[in-house]
Amino acid sequence: MALRRGAKEFGIHIMVCSNDRHATHFVETARFTLEKAALLYRKLGIKVKWIDIGGGFGTPYRPADPWLNINWIGEKISKLFIDFAAQYGWMPKLMTECGRFVTAPHGILVNPVLHVMQKYRHFIGVPAAMTGCPRPAFYKSYHHIDVLNHNGNLRRGPRHFTNVVGPKCEDWDRLTAVGEERLLPWSIKRGDILVTGNTGAHCHMDGNYNFRLLLAGVLDQDGTNKNTILIRKPQKNWDLFRQTIFPKGKRELLKKLLENS
Ligand SMILES: Cc1ncc(COP(=O)(O)O)c(C=O)c1O
């Protein structure tokens with residue numbers, strides 16, 4: 001039908017699933033789409049210009065999760081395309097959309113511990129929870145949390161079931177999902193640093209939900225933690241009102257109040 005209507009260029013787009021760490025699934029997806037390309041060529045003479053196997057390349061969110069063997073996937077899929085070319089004398093371009101795979105492991109959320117509270121449950125309060133890493137709130141996903149003491153050393157020792165929560169009056173404002181209690185060092189103290197891993201993908205909301213201020217962004221230029229530069233200034237209270245239209249004379253008053261707060 002597309003041919004009859006004059007389409008001249010054809011491509012195949014597919015996506016296996018999200019955050020998949022089974023290397024064979026990507027190879028089988030490529031095989032499946034190449035079979036469809038071969039079918040279109042044999043039946044209709046269509047030379048599919050590109051095959052896009054989408055995203056879904058998974059990353060290890062838990063320390064014990066194995067990495068997806070991307071080299072093995074590359075080798076296997078290359079072979080499929082080379083075999084296709086040997087048979088038909090041409091081959092489509094291969095495209096992927098592996099955003100999470102590239103970015104997720106390269107972002108971390110750094111929070112100071114502001115509160116430690118033992119009530120009917122053990123709570124750790126941090127300034128940025130769902131506004132810095134929304135995945136646990138959106139779909140209860142796991143992000144690994146390391147605890148550093150004030151000297152920057154990993155806290156070890158006995159662990160306790162812990163809820164890591166943000167400042168908002170929202171049950172979902174958490175870094176450990178609702179219903180999940182995480183075994184974290186019992187000795188966590190105010191002033192410790194919580195490092196939440198794998199926040200480089202699907203964690204950047206850039207919004208002021210409930211008047212939360214946007215966080216500072218720091219780039220570790222060579223992965224050594226020694227050459228870091230500030231790439232985004234933290235927002236200040238006044239930034240939230242810059243575009244607000246005030247009654248005459250009130251703008252400067254509020255600005256002064258917030259800048260001194
Ligand atoms: C068509 C398509 N491409 C790419 C992506 C993103 O994939 P990833 O999470 O692996 O970056 C999605 C996410 O659902 C998608 O639907």
# chains A, B, ... in the order shown; residues from 1 in each chain; ligands from 1
>>> closest_atom_pairs(of="chain A", to="ligand 1", cutoff="7 Å", atoms="only C-alpha atoms and all ligand atoms", output="Markdown table")
| residue | atom | partner | partner_atom_place_in_ligand_line | distance |
| --- | --- | --- | --- | --- |
| A:Met15 | CA | ligand 1 | 1 (C) | 6.0 |
| A:Ser18 | CA | ligand 1 | 9 (O) | 5.9 |
| A:Asn19 | CA | ligand 1 | 10 (O) | 5.9 |
| A:Gly54 | CA | ligand 1 | 3 (N) | 4.6 |
| A:Gly55 | CA | ligand 1 | 7 (O) | 3.6 |
| A:Gly56 | CA | ligand 1 | 10 (O) | 3.4 |
| A:Phe57 | CA | ligand 1 | 10 (O) | 4.8 |
| A:Gly58 | CA | ligand 1 | 10 (O) | 6.4 |
| A:Glu97 | CA | ligand 1 | 4 (C) | 5.0 |
| A:Cys98 | CA | ligand 1 | 10 (O) | 4.7 |
| A:Gly99 | CA | ligand 1 | 11 (O) | 3.5 |
| A:Arg100 | CA | ligand 1 | 11 (O) | 3.6 |
| A:Phe101 | CA | ligand 1 | 10 (O) | 6.1 |
>>> write_last_selection(atoms="C-alpha atoms", output="tab-separated table (two decimals), in the first residue's frame")
chain	number	residue	atom	x	y	z
A	15	MET	CA	12.06	-2.11	20.38
A	18	SER	CA	12.92	-1.70	28.53
A	19	ASN	CA	16.09	-2.17	30.57
A	54	GLY	CA	15.39	0.90	19.46
A	55	GLY	CA	16.53	1.29	23.05
A	56	GLY	CA	16.07	-1.02	26.01
A	57	PHE	CA	19.77	-1.85	26.47
A	58	GLY	CA	19.79	-2.45	30.21
A	97	GLU	CA	18.62	4.28	20.66
A	98	CYS	CA	20.62	3.06	23.63
A	99	GLY	CA	20.23	6.22	25.74
A	100	ARG	CA	19.94	4.59	29.14
A	101	PHE	CA	22.90	2.29	28.52
>>> closest_atom_pairs(of="segment 73-149 of chain A", to="segment 195-208 of chain A", cutoff="6 Å", atoms="only C-alpha atoms", output="JSON lines")
{"residue": "A:Arg100", "atom": "CA", "partner": "A:Ala201", "partner_atom": "CA", "distance": 5.3}
{"residue": "A:Thr103", "atom": "CA", "partner": "A:Gly200", "partner_atom": "CA", "distance": 5.0}
{"residue": "A:Ala104", "atom": "CA", "partner": "A:Gly200", "partner_atom": "CA", "distance": 3.8}
{"residue": "A:Pro105", "atom": "CA", "partner": "A:Asn198", "partner_atom": "CA", "distance": 4.4}
{"residue": "A:His106", "atom": "CA", "partner": "A:Gly200", "partner_atom": "CA", "distance": 5.4}
{"residue": "A:Gly107", "atom": "CA", "partner": "A:Gly200", "partner_atom": "CA", "distance": 3.8}
{"residue": "A:Ile108", "atom": "CA", "partner": "A:Gly197", "partner_atom": "CA", "distance": 4.8}
{"residue": "A:Leu109", "atom": "CA", "partner": "A:Thr196", "partner_atom": "CA", "distance": 5.0}
{"residue": "A:Val110", "atom": "CA", "partner": "A:Val195", "partner_atom": "CA", "distance": 4.8}
{"residue": "A:Cys133", "atom": "CA", "partner": "A:Cys203", "partner_atom": "CA", "distance": 4.8}
{"residue": "A:Pro134", "atom": "CA", "partner": "A:Cys203", "partner_atom": "CA", "distance": 5.7}
{"residue": "A:His143", "atom": "CA", "partner": "A:Gly197", "partner_atom": "CA", "distance": 5.9}
{"residue": "A:His144", "atom": "CA", "partner": "A:Gly197", "partner_atom": "CA", "distance": 5.4}
{"residue": "A:Ile145", "atom": "CA", "partner": "A:Thr196", "partner_atom": "CA", "distance": 4.5}
{"residue": "A:Asp146", "atom": "CA", "partner": "A:Val195", "partner_atom": "CA", "distance": 5.1}
>>> select_by_dssp(residues="segment 62-209 of chain A", states="strand (DSSP E or B)", output="PyMOL selection string")
chain A and resi 93-95+109-112+115-118+122-125+145-148+154+159-165+174+182-185+193-196
>>> residues_around(residues="segment 252-256 of chain A", least_positions_apart="6", cutoff="12 Å", atoms="only C-alpha atoms", output="ChimeraX atom specification")
/A:236-246
>>> residues_around(residues="Lys189 of chain A", least_positions_apart="2", cutoff="12 Å", atoms="only C-alpha atoms", output="ChimeraX atom specification")
/A:112-117,123-126,147-150,155,184-187,191-194
>>> residues_around(residues="segment 86-90 of chain A", least_positions_apart="3", cutoff="9 Å", atoms="only C-alpha atoms", output="short mmCIF file (atom, residue, chain, number, x, y, z; two decimals) with N, CA and C atoms, in the first residue's frame")
data_model
loop_
_atom_site.label_atom_id
_atom_site.label_comp_id
_atom_site.auth_asym_id
_atom_site.auth_seq_id
_atom_site.Cartn_x
_atom_site.Cartn_y
_atom_site.Cartn_z
N ALA A 38 14.46 -9.06 4.45
CA ALA A 38 14.69 -10.02 3.35
C ALA A 38 13.36 -10.35 2.67
N TYR A 41 12.24 -7.58 0.43
CA TYR A 41 13.06 -7.53 -0.78
C TYR A 41 12.62 -8.61 -1.77
N LYS A 47 14.23 -2.30 -0.88
CA LYS A 47 15.49 -2.36 -0.12
C LYS A 47 15.34 -1.47 1.11
N PHE A 81 24.37 -9.01 9.75
CA PHE A 81 24.30 -8.03 8.66
C PHE A 81 25.27 -8.41 7.52
N ILE A 82 26.45 -8.90 7.89
CA ILE A 82 27.43 -9.30 6.85
C ILE A 82 26.88 -10.48 6.05
N ASP A 83 26.27 -11.43 6.76
CA ASP A 83 25.68 -12.59 6.06
C ASP A 83 24.55 -12.13 5.14
#
>>> closest_residue(among="A:Ala23, A:Ala30, A:Ile77, A:Ile14", to="Thr59 of chain A", atoms="only C-alpha atoms")
A:Ala23
>>> select_by_dssp(residues="segment 41-187 of chain A", states="helix (DSSP H, G or I)", output="ChimeraX atom specification")
/A:41-44,70-88,99-106,135-139
>>> closest_residue(among="A:Ile12, A:Leu80, A:Arg159, A:Asp20", to="Trp67 of chain A", atoms="only C-alpha atoms")
A:Asp20
>>> closest_atom_pairs(of="segment 114-153 of chain A", to="segment 173-178 of chain A", cutoff="6 Å", atoms="only C-alpha atoms", output="CSV")
residue,atom,partner,partner_atom,distance
A:Ala129,CA,A:Arg174,CA,5.1
A:Met130,CA,A:Asp173,CA,4.9
A:Pro136,CA,A:Ala177,CA,4.9
A:Lys140,CA,A:Ala177,CA,4.9
>>> write_last_selection(atoms="C-alpha atoms", output="short mmCIF file (atom, residue, chain, number, x, y, z; two decimals), in the first residue's frame")
data_model
loop_
_atom_site.label_atom_id
_atom_site.label_comp_id
_atom_site.auth_asym_id
_atom_site.auth_seq_id
_atom_site.Cartn_x
_atom_site.Cartn_y
_atom_site.Cartn_z
CA ALA A 129 14.57 12.52 46.83
CA MET A 130 11.88 12.26 44.13
CA PRO A 136 11.54 4.97 42.82
CA LYS A 140 9.28 1.65 42.62
#
>>> closest_residue(among="A:Arg135, A:Lys49, A:His13, A:Lys119", to="Asn163 of chain A", atoms="only C-alpha atoms")
A:Lys119
>>> decode(residues="segment 174-201 of chain A", atoms="N, CA, C and O atoms", output="compact mmCIF listing (two decimals), in the first residue's frame")
# COMPACT_ATOMS: atom_id res chain seq x y z
N ARG A 174 10.72 9.75 48.09
CA ARG A 174 11.66 8.79 48.67
C ARG A 174 12.72 8.38 47.65
O ARG A 174 12.45 8.42 46.45
N LEU A 175 13.84 7.92 48.18
CA LEU A 175 14.85 7.29 47.31
C LEU A 175 14.78 5.78 47.43
O LEU A 175 15.24 5.04 46.57
N THR A 176 14.24 5.30 48.57
CA THR A 176 13.88 3.88 48.67
C THR A 176 12.37 3.88 48.45
O THR A 176 11.66 4.71 49.03
N ALA A 177 11.89 3.00 47.60
CA ALA A 177 10.49 3.08 47.19
C ALA A 177 9.53 2.82 48.36
O ALA A 177 9.92 2.21 49.37
N VAL A 178 8.30 3.28 48.18
CA VAL A 178 7.26 2.99 49.18
C VAL A 178 7.18 1.47 49.35
O VAL A 178 7.10 0.73 48.37
N GLY A 179 7.23 1.03 50.59
CA GLY A 179 7.12 -0.42 50.83
C GLY A 179 8.46 -1.13 50.85
O GLY A 179 8.56 -2.26 51.29
N GLU A 180 9.49 -0.43 50.37
CA GLU A 180 10.82 -1.04 50.40
C GLU A 180 11.58 -0.49 51.58
O GLU A 180 11.67 0.72 51.74
N GLU A 181 12.10 -1.34 52.44
CA GLU A 181 12.99 -0.84 53.49
C GLU A 181 14.36 -1.39 53.17
O GLU A 181 14.53 -2.60 52.99
N ARG A 182 15.31 -0.48 53.05
CA ARG A 182 16.65 -0.83 52.55
C ARG A 182 17.60 -1.09 53.71
O ARG A 182 17.61 -0.33 54.69
N LEU A 183 18.38 -2.15 53.58
CA LEU A 183 19.39 -2.41 54.62
C LEU A 183 20.56 -1.45 54.42
O LEU A 183 21.33 -1.60 53.47
N LEU A 184 20.64 -0.44 55.28
CA LEU A 184 21.72 0.55 55.21
C LEU A 184 22.43 0.57 56.57
O LEU A 184 21.85 0.14 57.58
N PRO A 185 23.65 1.09 56.60
CA PRO A 185 24.39 1.06 57.87
C PRO A 185 23.61 1.73 58.99
O PRO A 185 23.07 2.83 58.83
N TRP A 186 23.58 1.06 60.12
CA TRP A 186 22.83 1.52 61.28
C TRP A 186 23.45 2.80 61.85
O TRP A 186 22.80 3.62 62.48
N SER A 187 24.76 2.97 61.54
CA SER A 187 25.50 4.10 62.14
C SER A 187 25.36 5.41 61.36
O SER A 187 26.05 6.36 61.67
N ILE A 188 24.48 5.47 60.35
CA ILE A 188 24.32 6.71 59.57
C ILE A 188 24.08 7.89 60.52
O ILE A 188 23.27 7.79 61.45
N LYS A 189 24.78 9.00 60.21
CA LYS A 189 24.64 10.18 61.06
C LYS A 189 24.32 11.39 60.20
O LYS A 189 24.62 11.40 59.01
N ARG A 190 23.78 12.40 60.86
CA ARG A 190 23.63 13.71 60.21
C ARG A 190 24.97 14.15 59.66
O ARG A 190 25.98 14.01 60.34
N GLY A 191 24.97 14.68 58.44
CA GLY A 191 26.23 15.15 57.86
C GLY A 191 26.91 14.09 57.00
O GLY A 191 27.83 14.40 56.25
N ASP A 192 26.45 12.82 57.08
CA ASP A 192 26.96 11.81 56.15
C ASP A 192 26.49 12.17 54.74
O ASP A 192 25.60 13.00 54.56
N ILE A 193 27.09 11.49 53.77
CA ILE A 193 26.72 11.73 52.37
C ILE A 193 26.10 10.46 51.81
O ILE A 193 26.66 9.37 51.97
N LEU A 194 24.94 10.62 51.18
CA LEU A 194 24.29 9.49 50.52
C LEU A 194 24.52 9.62 49.02
O LEU A 194 24.19 10.66 48.44
N VAL A 195 25.07 8.58 48.43
CA VAL A 195 25.32 8.61 46.99
C VAL A 195 24.37 7.62 46.32
O VAL A 195 24.46 6.41 46.56
N THR A 196 23.46 8.15 45.53
CA THR A 196 22.50 7.29 44.83
C THR A 196 23.00 7.07 43.42
O THR A 196 23.28 8.03 42.69
N GLY A 197 23.14 5.82 43.04
CA GLY A 197 23.79 5.48 41.77
C GLY A 197 22.84 5.43 40.59
O GLY A 197 21.62 5.44 40.73
N ASN A 198 23.45 5.42 39.41
CA ASN A 198 22.70 5.20 38.15
C ASN A 198 21.60 6.22 37.90
O ASN A 198 20.50 5.86 37.45
N THR A 199 21.86 7.47 38.20
CA THR A 199 20.81 8.47 38.02
C THR A 199 21.01 9.28 36.73
O THR A 199 20.42 10.33 36.55
N GLY A 200 21.84 8.76 35.83
CA GLY A 200 22.11 9.51 34.59
C GLY A 200 20.99 9.42 33.56
O GLY A 200 20.98 10.18 32.59
N ALA A 201 20.05 8.50 33.73
CA ALA A 201 18.96 8.38 32.75
C ALA A 201 17.63 8.30 33.48
O ALA A 201 17.53 7.69 34.55
